[in-house]
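Asks: Dropping in my_file03.pdb, which is PDB, C-alpha atoms:
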ATOM      1  CA  MET A   1     -94.097  36.916 -13.546
ATOM      2  CA  GLN A   2     -94.833  40.605 -14.177
ATOM      3  CA  ASP A   3     -97.226  40.616 -11.234
ATOM      4  CA  ALA A   4     -94.496  39.235  -8.960
ATOM      5  CA  LEU A   5     -92.027  41.818 -10.253
ATOM      6  CA  ASP A   6     -94.442  44.691  -9.568
ATOM      7  CA  ARG A   7     -95.038  43.413  -6.039
ATOM      8  CA  LEU A   8     -91.293  43.095  -5.416
ATOM      9  CA  ARG A   9     -90.718  46.619  -6.686
ATOM     10  CA  ALA A  10     -93.275  47.999  -4.236
ATOM     11  CA  ILE A  11     -91.434  46.331  -1.352
ATOM     12  CA  ALA A  12     -88.020  47.460  -2.660
ATOM     13  CA  LEU A  13     -89.137  51.103  -2.876
ATOM     14  CA  ASP A  14     -90.222  51.114   0.764
ATOM     15  CA  LEU A  15     -87.062  51.942   2.711
ATOM     16  CA  ARG A  16     -88.474  50.278   5.791
ATOM     17  CA  TRP A  17     -86.170  47.405   4.791
ATOM     18  CA  THR A  18     -83.254  49.562   6.052
ATOM     19  CA  TRP A  19     -84.365  48.856   9.617
ATOM     20  CA  SER A  20     -86.795  45.937   9.324
ATOM     21  CA  HIS A  21     -84.942  42.960   7.885
ATOM     22  CA  ARG A  22     -87.825  40.579   7.295
ATOM     23  CA  ALA A  23     -87.264  40.657   3.525
ATOM     24  CA  ASP A  24     -83.484  40.074   3.613
ATOM     25  CA  ALA A  25     -83.811  36.352   2.934
ATOM     26  CA  LEU A  26     -85.974  37.053  -0.103
ATOM     27  CA  TRP A  27     -83.439  39.423  -1.685
ATOM     28  CA  GLN A  28     -80.635  36.982  -0.980
ATOM     29  CA  ARG A  29     -82.678  34.236  -2.589
ATOM     30  CA  LEU A  30     -83.115  36.301  -5.749
ATOM     31  CA  ASP A  31     -79.448  37.302  -6.165
ATOM     32  CA  ALA A  32     -77.133  36.564  -3.246
ATOM     33  CA  ALA A  33     -74.030  38.190  -4.792
ATOM     34  CA  THR A  34     -75.697  41.501  -5.639
ATOM     35  CA  TRP A  35     -77.481  41.653  -2.308
ATOM     36  CA  GLU A  36     -74.239  41.017  -0.417
ATOM     37  CA  ARG A  37     -72.419  43.734  -2.350
ATOM     38  CA  THR A  38     -75.070  46.472  -2.496
ATOM     39  CA  GLN A  39     -77.689  45.842   0.219
ATOM     40  CA  ASN A  40     -79.966  47.606  -2.290
ATOM     41  CA  PRO A  41     -83.032  45.607  -3.405
ATOM     42  CA  TRP A  42     -84.036  48.267  -5.922
ATOM     43  CA  ALA A  43     -80.694  48.009  -7.724
ATOM     44  CA  LEU A  44     -80.896  44.225  -7.426
ATOM     45  CA  LEU A  45     -84.239  44.160  -9.237
ATOM     46  CA  GLN A  46     -82.942  46.542 -11.922
ATOM     47  CA  GLY A  47     -80.292  44.018 -12.920
ATOM     48  CA  LEU A  48     -82.196  40.795 -12.322
ATOM     49  CA  ALA A  49     -82.437  38.581 -15.408
ATOM     50  CA  HIS A  50     -85.940  37.520 -16.457
ATOM     51  CA  ASP A  51     -84.887  33.874 -16.501
ATOM     52  CA  ARG A  52     -83.679  34.108 -12.901
ATOM     53  CA  LEU A  53     -86.888  35.813 -11.801
ATOM     54  CA  ALA A  54     -88.980  33.127 -13.496
ATOM     55  CA  GLU A  55     -86.885  30.423 -11.856
ATOM     56  CA  VAL A  56     -87.242  31.848  -8.348
ATOM     57  CA  THR A  57     -90.945  32.669  -8.600
ATOM     58  CA  ALA A  58     -91.597  29.042  -9.554
ATOM     59  CA  GLU A  59     -89.798  27.687  -6.484
ATOM     60  CA  PRO A  60     -91.884  26.213  -3.641
ATOM     61  CA  GLY A  61     -92.616  28.718  -0.898
ATOM     62  CA  PHE A  62     -91.784  31.855  -2.879
ATOM     63  CA  ALA A  63     -95.406  32.940  -3.342
ATOM     64  CA  ASP A  64     -96.136  32.342   0.340
ATOM     65  CA  GLU A  65     -93.123  34.424   1.366
ATOM     66  CA  LEU A  66     -94.177  37.290  -0.897
ATOM     67  CA  ASP A  67     -97.708  37.155   0.501
ATOM     68  CA  ARG A  68     -96.332  37.239   4.054
ATOM     69  CA  LEU A  69     -94.237  40.344   3.354
ATOM     70  CA  GLU A  70     -97.187  42.135   1.797
ATOM     71  CA  ARG A  71     -99.412  41.323   4.772
ATOM     72  CA  ASP A  72     -96.705  42.638   7.089
ATOM     73  CA  ARG A  73     -96.499  45.923   5.144
ATOM     74  CA  ALA A  74    -100.269  46.326   5.178
ATOM     75  CA  ALA A  75    -100.492  45.682   8.929
ATOM     76  CA  TYR A  76     -97.699  48.203   9.569
ATOM     77  CA  ALA A  77     -99.404  50.845   7.433
ATOM     78  CA  GLN A  78    -102.736  50.388   9.225
ATOM     79  CA  ASP A  79    -101.303  50.473  12.768
ATOM     80  CA  PRO A  80    -102.002  53.972  14.203
ATOM     81  CA  GLY A  81     -98.763  53.878  16.200
ATOM     82  CA  TRP A  82     -98.008  55.808  19.378
ATOM     83  CA  TYR A  83     -99.069  59.153  17.927
ATOM     84  CA  GLY A  84    -102.359  57.827  16.636
ATOM     85  CA  ARG A  85    -103.207  56.378  20.053
ATOM     86  CA  LEU A  86    -102.712  59.630  21.960
ATOM     87  CA  PRO A  87    -105.795  60.981  23.685
ATOM     88  CA  GLY A  88    -107.715  63.661  21.808
ATOM     89  CA  GLY A  89    -106.701  67.294  21.820
ATOM     90  CA  PRO A  90    -104.967  69.811  19.568
ATOM     91  CA  ARG A  91    -101.743  68.537  18.088
ATOM     92  CA  PRO A  92     -99.839  69.086  14.827
ATOM     93  CA  GLU A  93    -101.328  67.390  11.800
ATOM     94  CA  ARG A  94     -97.955  67.429  10.021
ATOM     95  CA  VAL A  95     -94.307  68.008  10.928
ATOM     96  CA  ALA A  96     -91.819  69.011   8.209
ATOM     97  CA  TYR A  97     -88.211  68.065   8.980
ATOM     98  CA  PHE A  98     -85.518  69.871   6.962
ATOM     99  CA  CYS A  99     -81.928  68.655   6.914
ATOM    100  CA  MET A 100     -78.960  68.904   4.555
ATOM    101  CA  GLU A 101     -78.339  65.139   4.743
ATOM    102  CA  PHE A 102     -80.304  61.987   5.510
ATOM    103  CA  GLY A 103     -78.621  58.706   6.412
ATOM    104  CA  LEU A 104     -81.233  56.024   5.810
ATOM    105  CA  GLY A 105     -78.874  53.360   4.480
ATOM    106  CA  GLU A 106     -75.991  52.764   2.101
ATOM    107  CA  ALA A 107     -78.426  52.311  -0.786
ATOM    108  CA  LEU A 108     -79.242  56.038  -0.562
ATOM    109  CA  PRO A 109     -75.848  57.664   0.106
ATOM    110  CA  LEU A 110     -76.933  61.231   0.886
ATOM    111  CA  TYR A 111     -75.080  61.625   4.190
ATOM    112  CA  ALA A 112     -71.630  62.259   5.613
ATOM    113  CA  GLY A 113     -71.878  61.120   9.216
ATOM    114  CA  GLY A 114     -73.659  61.690  12.489
ATOM    115  CA  LEU A 115     -75.960  64.514  11.382
ATOM    116  CA  GLY A 116     -77.318  62.416   8.520
ATOM    117  CA  ILE A 117     -77.706  59.270  10.613
ATOM    118  CA  LEU A 118     -79.611  61.280  13.214
ATOM    119  CA  ALA A 119     -81.921  62.673  10.508
ATOM    120  CA  GLY A 120     -82.468  59.216   9.053
ATOM    121  CA  ASP A 121     -83.301  57.802  12.474
ATOM    122  CA  TYR A 122     -85.752  60.682  13.012
ATOM    123  CA  LEU A 123     -87.727  59.625   9.927
ATOM    124  CA  LYS A 124     -87.588  55.933  10.855
ATOM    125  CA  ALA A 125     -88.787  56.634  14.386
ATOM    126  CA  ALA A 126     -91.532  58.937  13.078
ATOM    127  CA  SER A 127     -92.724  56.120  10.842
ATOM    128  CA  ASP A 128     -92.758  53.567  13.672
ATOM    129  CA  MET A 129     -94.529  55.991  16.022
ATOM    130  CA  GLY A 130     -97.119  57.038  13.458
ATOM    131  CA  LEU A 131     -95.966  60.672  13.610
ATOM    132  CA  PRO A 132     -97.268  62.484  10.501
ATOM    133  CA  ALA A 133     -93.894  63.781   9.352
ATOM    134  CA  VAL A 134     -92.284  64.559   6.008
ATOM    135  CA  GLY A 135     -88.581  65.024   5.360
ATOM    136  CA  VAL A 136     -87.061  67.583   2.987
ATOM    137  CA  GLY A 137     -83.498  67.338   1.684
ATOM    138  CA  LEU A 138     -81.331  67.415  -1.439
ATOM    139  CA  LEU A 139     -80.578  64.720  -4.009
ATOM    140  CA  TYR A 140     -76.829  64.881  -4.580
ATOM    141  CA  GLN A 141     -75.165  63.618  -7.731
ATOM    142  CA  GLN A 142     -72.315  62.638  -5.435
ATOM    143  CA  GLY A 143     -72.778  61.890  -1.781
ATOM    144  CA  TYR A 144     -69.944  62.192   0.695
ATOM    145  CA  PHE A 145     -66.626  60.615  -0.220
ATOM    146  CA  ARG A 146     -65.694  56.999   0.422
ATOM    147  CA  GLN A 147     -62.423  56.588   2.253
ATOM    148  CA  ALA A 148     -59.527  54.304   1.446
ATOM    149  CA  ILE A 149     -56.248  54.102   3.390
ATOM    150  CA  ASP A 150     -53.071  53.175   1.521
ATOM    151  CA  ALA A 151     -50.126  51.176   2.874
ATOM    152  CA  ASP A 152     -48.463  54.371   4.163
ATOM    153  CA  GLY A 153     -51.544  55.415   6.128
ATOM    154  CA  TRP A 154     -52.665  58.203   3.764
ATOM    155  CA  GLN A 155     -56.340  58.755   3.092
ATOM    156  CA  HIS A 156     -57.634  58.699  -0.491
ATOM    157  CA  GLU A 157     -61.153  59.858  -1.360
ATOM    158  CA  ALA A 158     -63.504  58.470  -4.000
ATOM    159  CA  TYR A 159     -66.799  60.113  -4.955
ATOM    160  CA  PRO A 160     -69.133  57.503  -6.461
ATOM    161  CA  TYR A 161     -71.825  58.889  -8.766
ATOM    162  CA  ASN A 162     -75.397  58.541  -7.545
ATOM    163  CA  ASP A 163     -77.302  57.153 -10.512
ATOM    164  CA  PRO A 164     -80.952  58.083  -9.783
ATOM    165  CA  GLY A 165     -82.116  54.982 -11.656
ATOM    166  CA  SER A 166     -80.389  52.704  -9.149
ATOM    167  CA  LEU A 167     -81.530  54.637  -6.064
ATOM    168  CA  PRO A 168     -84.772  53.586  -4.312
ATOM    169  CA  ILE A 169     -86.552  56.846  -5.201
ATOM    170  CA  THR A 170     -89.216  57.930  -7.694
ATOM    171  CA  PRO A 171     -90.077  61.250  -9.365
ATOM    172  CA  VAL A 172     -92.968  63.223  -7.884
ATOM    173  CA  ALA A 173     -95.757  63.875 -10.367
ATOM    174  CA  ALA A 174     -97.179  67.383 -10.716
ATOM    175  CA  PRO A 175    -100.953  67.754 -10.209
ATOM    176  CA  ALA A 176    -101.353  68.626 -13.902
ATOM    177  CA  GLY A 177     -99.102  65.768 -14.992
ATOM    178  CA  GLY A 178     -95.403  65.529 -15.714
ATOM    179  CA  TRP A 179     -92.542  65.887 -13.275
ATOM    180  CA  LEU A 180     -93.078  68.285 -10.378
ATOM    181  CA  ARG A 181     -90.678  71.211 -10.556
ATOM    182  CA  VAL A 182     -90.413  74.271  -8.337
ATOM    183  CA  SER A 183     -88.454  77.424  -9.096
ATOM    184  CA  VAL A 184     -86.177  79.627  -7.015
ATOM    185  CA  GLU A 185     -85.005  83.090  -8.051
ATOM    186  CA  LEU A 186     -81.247  83.503  -8.293
ATOM    187  CA  PRO A 187     -79.508  86.716  -9.400
ATOM    188  CA  GLY A 188     -80.545  87.237 -13.036
ATOM    189  CA  ARG A 189     -82.089  83.803 -13.543
ATOM    190  CA  GLN A 190     -84.576  81.166 -12.408
ATOM    191  CA  LEU A 191     -83.399  77.853 -11.012
ATOM    192  CA  LEU A 192     -85.675  74.871 -11.609
ATOM    193  CA  LEU A 193     -85.671  72.045  -9.088
ATOM    194  CA  ARG A 194     -87.026  68.569  -9.770
ATOM    195  CA  VAL A 195     -88.729  66.850  -6.851
ATOM    196  CA  TRP A 196     -88.137  63.184  -5.998
ATOM    197  CA  GLN A 197     -89.572  61.096  -3.190
ATOM    198  CA  ALA A 198     -88.363  58.233  -1.037
ATOM    199  CA  CYS A 199     -90.823  56.086   0.902
ATOM    200  CA  VAL A 200     -89.587  55.627   4.485
ATOM    201  CA  GLY A 201     -92.252  53.358   5.902
ATOM    202  CA  ARG A 202     -95.180  55.663   6.629
ATOM    203  CA  VAL A 203     -93.088  58.810   6.106
ATOM    204  CA  THR A 204     -92.132  60.458   2.812
ATOM    205  CA  LEU A 205     -88.762  62.108   2.195
ATOM    206  CA  TYR A 206     -88.798  64.725  -0.566
ATOM    207  CA  LEU A 207     -85.506  65.437  -2.326
ATOM    208  CA  LEU A 208     -84.718  68.461  -4.527
ATOM    209  CA  ASP A 209     -82.462  68.123  -7.557
ATOM    210  CA  SER A 210     -81.008  70.903  -9.742
ATOM    211  CA  ASN A 211     -79.468  68.498 -12.289
ATOM    212  CA  ASP A 212     -82.085  69.387 -14.902
ATOM    213  CA  LEU A 213     -81.345  70.055 -18.576
ATOM    214  CA  LEU A 214     -83.475  73.203 -18.293
ATOM    215  CA  ASN A 215     -80.815  74.722 -15.986
ATOM    216  CA  SER A 216     -77.410  76.016 -17.026
ATOM    217  CA  PRO A 217     -74.459  73.619 -16.665
ATOM    218  CA  THR A 218     -73.259  75.591 -13.632
ATOM    219  CA  ASP A 219     -76.621  75.546 -11.899
ATOM    220  CA  ARG A 220     -77.049  71.838 -12.588
ATOM    221  CA  GLY A 221     -74.093  71.349 -10.251
ATOM    222  CA  ILE A 222     -75.701  73.071  -7.255
ATOM    223  CA  THR A 223     -76.870  69.704  -5.936
ATOM    224  CA  GLY A 224     -73.725  68.072  -7.289
ATOM    225  CA  GLU A 225     -71.916  67.208  -4.083
ATOM    226  CA  LEU A 226     -72.672  67.091  -0.375
ATOM    227  CA  TYR A 227     -70.519  69.646   1.476
ATOM    228  CA  GLY A 228     -68.460  70.307  -1.629
ATOM    229  CA  GLY A 229     -67.543  73.380  -3.631
ATOM    230  CA  SER A 230     -67.044  76.995  -2.695
ATOM    231  CA  GLN A 231     -68.698  79.050   0.007
ATOM    232  CA  GLU A 232     -71.109  80.417  -2.585
ATOM    233  CA  MET A 233     -72.048  76.878  -3.588
ATOM    234  CA  ARG A 234     -72.860  76.088   0.043
ATOM    235  CA  LEU A 235     -75.026  79.213   0.187
ATOM    236  CA  LEU A 236     -76.856  78.153  -2.980
ATOM    237  CA  GLN A 237     -77.477  74.683  -1.563
ATOM    238  CA  GLU A 238     -78.968  76.193   1.581
ATOM    239  CA  ILE A 239     -81.202  78.487  -0.505
ATOM    240  CA  VAL A 240     -82.385  75.434  -2.452
ATOM    241  CA  LEU A 241     -83.071  73.492   0.754
ATOM    242  CA  GLY A 242     -84.866  76.311   2.566
ATOM    243  CA  ILE A 243     -86.691  78.320  -0.087
ATOM    244  CA  GLY A 244     -87.047  75.492  -2.604
ATOM    245  CA  GLY A 245     -88.107  73.066   0.123
ATOM    246  CA  VAL A 246     -90.935  75.306   1.344
ATOM    247  CA  ARG A 247     -92.129  75.834  -2.225
ATOM    248  CA  ALA A 248     -92.072  72.100  -2.889
ATOM    249  CA  LEU A 249     -94.325  71.449   0.107
ATOM    250  CA  ARG A 250     -96.658  74.215  -1.029
ATOM    251  CA  ALA A 251     -96.816  72.697  -4.520
ATOM    252  CA  LEU A 252     -97.715  69.362  -2.904
ATOM    253  CA  GLU A 253    -100.403  71.107  -0.816
ATOM    254  CA  ILE A 254     -98.684  70.025   2.403
ATOM    255  CA  ASP A 255     -99.230  72.546   5.205
ATOM    256  CA  PRO A 256     -97.137  71.559   8.244
ATOM    257  CA  GLY A 257     -98.147  72.659  11.706
ATOM    258  CA  VAL A 258     -94.521  72.406  12.852
ATOM    259  CA  TRP A 259     -91.406  73.235  10.815
ATOM    260  CA  HIS A 260     -88.374  71.456  12.259
ATOM    261  CA  LEU A 261     -84.996  72.796  11.108
ATOM    262  CA  ASN A 262     -82.161  70.408  11.914
ATOM    263  CA  GLU A 263     -79.031  72.566  11.924
ATOM    264  CA  GLY A 264     -78.554  76.043  10.483
ATOM    265  CA  HIS A 265     -78.316  74.800   6.884
ATOM    266  CA  ALA A 266     -82.122  75.062   6.709
ATOM    267  CA  ALA A 267     -82.314  78.671   7.960
ATOM    268  CA  PHE A 268     -83.782  79.987   4.682
ATOM    269  CA  VAL A 269     -87.019  78.158   5.567
ATOM    270  CA  VAL A 270     -87.642  80.937   8.093
ATOM    271  CA  LEU A 271     -87.096  83.725   5.546
ATOM    272  CA  GLN A 272     -89.330  82.101   2.946
ATOM    273  CA  ARG A 273     -92.133  81.596   5.449
ATOM    274  CA  ILE A 274     -91.894  85.212   6.661
ATOM    275  CA  ARG A 275     -92.067  86.318   3.036
ATOM    276  CA  GLU A 276     -95.213  84.229   2.529
ATOM    277  CA  GLN A 277     -96.852  85.754   5.604
ATOM    278  CA  ILE A 278     -96.101  89.302   4.448
ATOM    279  CA  GLU A 279     -97.448  88.532   0.967
ATOM    280  CA  GLN A 280    -100.682  87.467   2.699
ATOM    281  CA  GLY A 281    -100.977  90.905   4.301
ATOM    282  CA  ARG A 282     -99.349  90.464   7.708
ATOM    283  CA  THR A 283     -96.851  92.923   9.123
ATOM    284  CA  PHE A 284     -93.269  91.823   9.583
ATOM    285  CA  ALA A 285     -93.771  91.602  13.353
ATOM    286  CA  GLU A 286     -96.877  89.442  12.935
ATOM    287  CA  ALA A 287     -95.109  87.220  10.410
ATOM    288  CA  LEU A 288     -92.092  86.833  12.660
ATOM    289  CA  ASP A 289     -94.278  85.903  15.623
ATOM    290  CA  GLU A 290     -96.185  83.253  13.636
ATOM    291  CA  VAL A 291     -93.034  81.722  12.188
ATOM    292  CA  ARG A 292     -91.301  81.689  15.573
ATOM    293  CA  ARG A 293     -94.327  80.000  17.172
ATOM    294  CA  THR A 294     -94.363  77.145  14.647
ATOM    295  CA  THR A 295     -90.614  76.557  14.208
ATOM    296  CA  VAL A 296     -88.413  74.057  16.037
ATOM    297  CA  PHE A 297     -84.622  74.267  15.731
ATOM    298  CA  THR A 298     -82.128  71.603  16.735
ATOM    299  CA  THR A 299     -78.369  71.739  16.352
ATOM    300  CA  HIS A 300     -76.002  68.825  15.965
ATOM    301  CA  THR A 301     -72.760  70.815  16.269
ATOM    302  CA  PRO A 302     -73.097  73.446  19.054
ATOM    303  CA  VAL A 303     -69.597  74.913  18.722
ATOM    304  CA  PRO A 304     -68.517  78.147  16.992
ATOM    305  CA  ALA A 305     -67.009  76.262  14.028
ATOM    306  CA  GLY A 306     -70.222  74.316  13.435
ATOM    307  CA  PRO A 307     -72.685  76.746  11.829
ATOM    308  CA  ASP A 308     -72.077  78.218   8.378
ATOM    309  CA  ALA A 309     -71.381  81.968   8.268
ATOM    310  CA  PHE A 310     -71.476  83.932   5.013
ATOM    311  CA  PRO A 311     -70.139  87.439   4.352
ATOM    312  CA  PHE A 312     -72.897  89.958   3.690
ATOM    313  CA  PRO A 313     -71.659  90.919   0.160
ATOM    314  CA  LEU A 314     -72.107  87.246  -0.822
ATOM    315  CA  VAL A 315     -75.627  86.991   0.638
ATOM    316  CA  GLU A 316     -76.964  90.409  -0.402
ATOM    317  CA  PRO A 317     -77.503  89.724  -4.139
ATOM    318  CA  HIS A 318     -79.554  86.629  -3.284
ATOM    319  CA  LEU A 319     -81.690  88.300  -0.628
ATOM    320  CA  ALA A 320     -82.342  91.213  -2.973
TER
END
Take the structure in the file and write it out as structure tokens.
Replies:
Amino acid sequence: MQDALDRLRAIALDLRWTWSHRADALWQRLDAATWERTQNPWALLQGLAHDRLAEVTAEPGFADELDRLERDRAAYAQDPGWYGRLPGGPRPERVAYFCMEFGLGEALPLYAGGLGILAGDYLKAASDMGLPAVGVGLLYQQGYFRQAIDADGWQHEAYPYNDPGSLPITPVAAPAGGWLRVSVELPGRQLLLRVWQACVGRVTLYLLDSNDLLNSPTDRGITGELYGGSQEMRLLQEIVLGIGGVRALRALEIDPGVWHLNEGHAAFVVLQRIREQIEQGRTFAEALDEVRRTTVFTTHTPVPAGPDAFPFPLVEPHLA
């Protein structure tokens, strides 16, 4: 039974089930009520009684179905995809995609709307095409609000708590053991960021989390809520995404050939990379040229009210 549970967990942690529904019947077979309510196989397995698991694994056809799903995953992983079938020639070995939100499915509620759904579809398409991409985002303690409309037509907001144990993610291990953490300098203090990962088919999404006991109570709330808090909190989130995200990839020894910034929230990626180039001995002009050459920017909201703008007195202490 433990072997079956381990195999089910591997399938549940692969978010390919958010767009490939070949395993839906299996999850419904295990616990139809929980599956209908959550559409989250990882949470379903967390609450599955041992007696129920033993009962289902003993049913005729269950082992064959599990074998079929594992063969399907293996075949998908081994398929080179469109990118792998391209004719030879220089092309990026890795693309890093930075975004403030990722909408992969309701089981991982780290999105508000169109921007997040677009980012989630980017990772799904990259996986299907065999594009060697990684995503970088934030793990929020509360995703965007859930809406309810009362009898008078007024909107009421609820902010469900994202329990990391029920989300289909796992901690990233540091090379020397333990949980991988990266640090970012804030005025008068160091902020530590834990790194999580979500498996999106053949693509990995890395998520940064400030809710660490080693941080102050205030700093633990930096990744507290998507698009919440004051203007300074938004600035801190963007520093975490940009500077912390680059440092996380460096700690993982991932060296992208292309850095894709989806929306201006990820602008600090550019500053961190210029800083790295200068620390390696390049002039500012040389660093700027290299970063410009390897950066792609896309915007989802091309209107004046779309991008964030921060007053210089708010930004200056952080840039210093």
Asks: Just the residues within 9 Å of A:Leu26, please, counting all atoms listed in the file, with nothing from its chain fewer than 4 positions along; format it as a PDB file with C-alpha atoms, in the frame of the given file.
Replies:
ATOM      1  CA  ARG A  22     -87.825  40.579   7.295  1.00  0.00           C
ATOM      2  CA  LEU A  30     -83.115  36.301  -5.749  1.00  0.00           C
ATOM      3  CA  ASP A  31     -79.448  37.302  -6.165  1.00  0.00           C
ATOM      4  CA  PHE A  62     -91.784  31.855  -2.879  1.00  0.00           C
ATOM      5  CA  GLU A  65     -93.123  34.424   1.366  1.00  0.00           C
ATOM      6  CA  LEU A  66     -94.177  37.290  -0.897  1.00  0.00           C
TER       7      LEU A  66
END
Asks: Give me the result of the PyMOL selection byres ((chain A and resi 181) around 6) on this file, residue by residue, as a list in words.
Replies: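 Against this file, the PyMOL selection byres ((chain A and resi 181) around 6) returns the residues Leu180, Val182, Leu193 and Arg194 of chain A.
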Asks: With only C-alpha atoms as the atoms that count, which of A:Gly281, A:Pro311, A:Pro164, A:Gly228 lies nearest to A:Asn211?
Replies: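 The answer is A:Pro164, which sits nearest to A:Asn211.
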Asks: Please provide as a ChimeraX atom specification all residues within 10 Å of A:Gly224, with the sequence filter that same-chain residues fewer than 2 positions apart are discarded (counting all atoms listed in the file).
Replies: /A:138-143,161-162,209-211,218-222,226-229,233,237
Asks: The PyMOL selection byres ((chain A and resi 39-51) around 6) - which residues does that actually catch in the file I just gave you? List them as a ChimeraX atom specification.
Replies: /A:12,35-36,38,52-54,107,166,168
Asks: Just give me the gap between atom CA of A:Thr299 and atom CA of A:Leu261 in Å, one decimal is fine.
Replies: 8.5 Å
Asks: Neighbours of A:Tyr122 within 12 Å (only C-alpha atoms; same-chain residues fewer than 3 positions away dropped), as a PyMOL selection string?
Replies: chain A and resi 95-99+101-104+115-119+125-135+200+203+205+260+262
Asks: Could you save the residues just selected, with C-alpha atoms, as an mmCIF file, keeping the file's coordinate frame?
Replies:
data_model
loop_
_atom_site.group_PDB
_atom_site.id
_atom_site.type_symbol
_atom_site.label_atom_id
_atom_site.label_comp_id
_atom_site.auth_asym_id
_atom_site.auth_seq_id
_atom_site.Cartn_x
_atom_site.Cartn_y
_atom_site.Cartn_z
ATOM 1 C CA VAL A 95 -94.307 68.008 10.928
ATOM 2 C CA ALA A 96 -91.819 69.011 8.209
ATOM 3 C CA TYR A 97 -88.211 68.065 8.980
ATOM 4 C CA PHE A 98 -85.518 69.871 6.962
ATOM 5 C CA CYS A 99 -81.928 68.655 6.914
ATOM 6 C CA GLU A 101 -78.339 65.139 4.743
ATOM 7 C CA PHE A 102 -80.304 61.987 5.510
ATOM 8 C CA GLY A 103 -78.621 58.706 6.412
ATOM 9 C CA LEU A 104 -81.233 56.024 5.810
ATOM 10 C CA LEU A 115 -75.960 64.514 11.382
ATOM 11 C CA GLY A 116 -77.318 62.416 8.520
ATOM 12 C CA ILE A 117 -77.706 59.270 10.613
ATOM 13 C CA LEU A 118 -79.611 61.280 13.214
ATOM 14 C CA ALA A 119 -81.921 62.673 10.508
ATOM 15 C CA ALA A 125 -88.787 56.634 14.386
ATOM 16 C CA ALA A 126 -91.532 58.937 13.078
ATOM 17 C CA SER A 127 -92.724 56.120 10.842
ATOM 18 C CA ASP A 128 -92.758 53.567 13.672
ATOM 19 C CA MET A 129 -94.529 55.991 16.022
ATOM 20 C CA GLY A 130 -97.119 57.038 13.458
ATOM 21 C CA LEU A 131 -95.966 60.672 13.610
ATOM 22 C CA PRO A 132 -97.268 62.484 10.501
ATOM 23 C CA ALA A 133 -93.894 63.781 9.352
ATOM 24 C CA VAL A 134 -92.284 64.559 6.008
ATOM 25 C CA GLY A 135 -88.581 65.024 5.360
ATOM 26 C CA VAL A 200 -89.587 55.627 4.485
ATOM 27 C CA VAL A 203 -93.088 58.810 6.106
ATOM 28 C CA LEU A 205 -88.762 62.108 2.195
ATOM 29 C CA HIS A 260 -88.374 71.456 12.259
ATOM 30 C CA ASN A 262 -82.161 70.408 11.914
#
Asks: What does the structure give for the distance between atom CA of A:Leu110 and atom CA of A:Tyr144, in Å to one decimal?
Replies: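 Value for the atom CA of A:Leu110-atom CA of A:Tyr144 distance: 7.1 Å.
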Asks: Any idea what the distance is between atom CA of A:Leu5 and atom CA of A:Thr204?
Replies: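 Rounded to one decimal, the two atoms are 22.8 Å apart.
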Asks: Nearest to A:Leu8: which of A:Ala112, A:Ala63, A:Leu288, A:Leu214 is it, counting only C-alpha atoms?
Replies: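 Smallest distance to A:Leu8 is found for A:Ala63.
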Asks: Find the axis-aligned box for stretch 214-219 of chain A, covering all its listed atoms and adding 4 Å on each side, and write its centre and edge lengths in Å to one decimal as lines of an AutoDock Vina configuration file.
Replies:
center_x = -78.4
center_y = 74.6
center_z = -15.1
size_x = 18.2
size_y = 10.8
size_z = 14.4
Asks: Hey, what comes out of the PyMOL selection byres ((chain A and resi 241) around 8) on this file? Could you write it as a list in words?
Replies: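 With the PyMOL selection byres ((chain A and resi 241) around 8) on this model, the match is Phe98, Cys99, Met100, Val136, Gly137, Leu138, Leu208, Gln237, Glu238, Ile239, Val240, Gly242, Ile243, Gly244, Gly245, His265, Ala266, Phe268 and Val269 of chain A.
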Asks: Between A:Asp121, A:Glu55, A:Asp308, A:Glu316, which is the closest to A:Glu263 once you count only C-alpha atoms?
Replies: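 Comparing A:Asp121, A:Glu55, A:Asp308, A:Glu316 against A:Glu263, the winner is A:Asp308.
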Asks: Return the single residue from A:Arg202, A:Thr57, A:Thr295, A:Ser20 that is closest to A:Gln78, with distances computed using all atoms listed in the file.
Replies: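 So, comparing all the options, the nearest one is A:Arg202.
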Asks: Would you list the contacts of A:Ala198 as a list in words, taking every protein, DNA or RNA residue within 8 Å and counting only C-alpha atoms, but skipping same-chain residues closer than 4 positions in sequence?
Replies: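 My reading of the contact set: Leu13, Asp14, Leu15, Pro168, Ile169, Thr170, Thr204, Leu205, Tyr206 and Leu207 of chain A.
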Asks: Measuring atom to atom with all atoms listed in the file, identify which of A:Arg73, A:Arg282, A:Trp196, A:Asp67 is nearest to A:Gly165.
Replies: A:Trp196
Asks: From the set A:Pro160, A:Gly201, A:Pro256, A:Gly188, which residue has the shortest atom-to-atom contact distance to A:Trp17, counting all atoms listed in the file?
Replies: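 Using all atoms listed in the file, A:Trp17 sits closest to A:Gly201.
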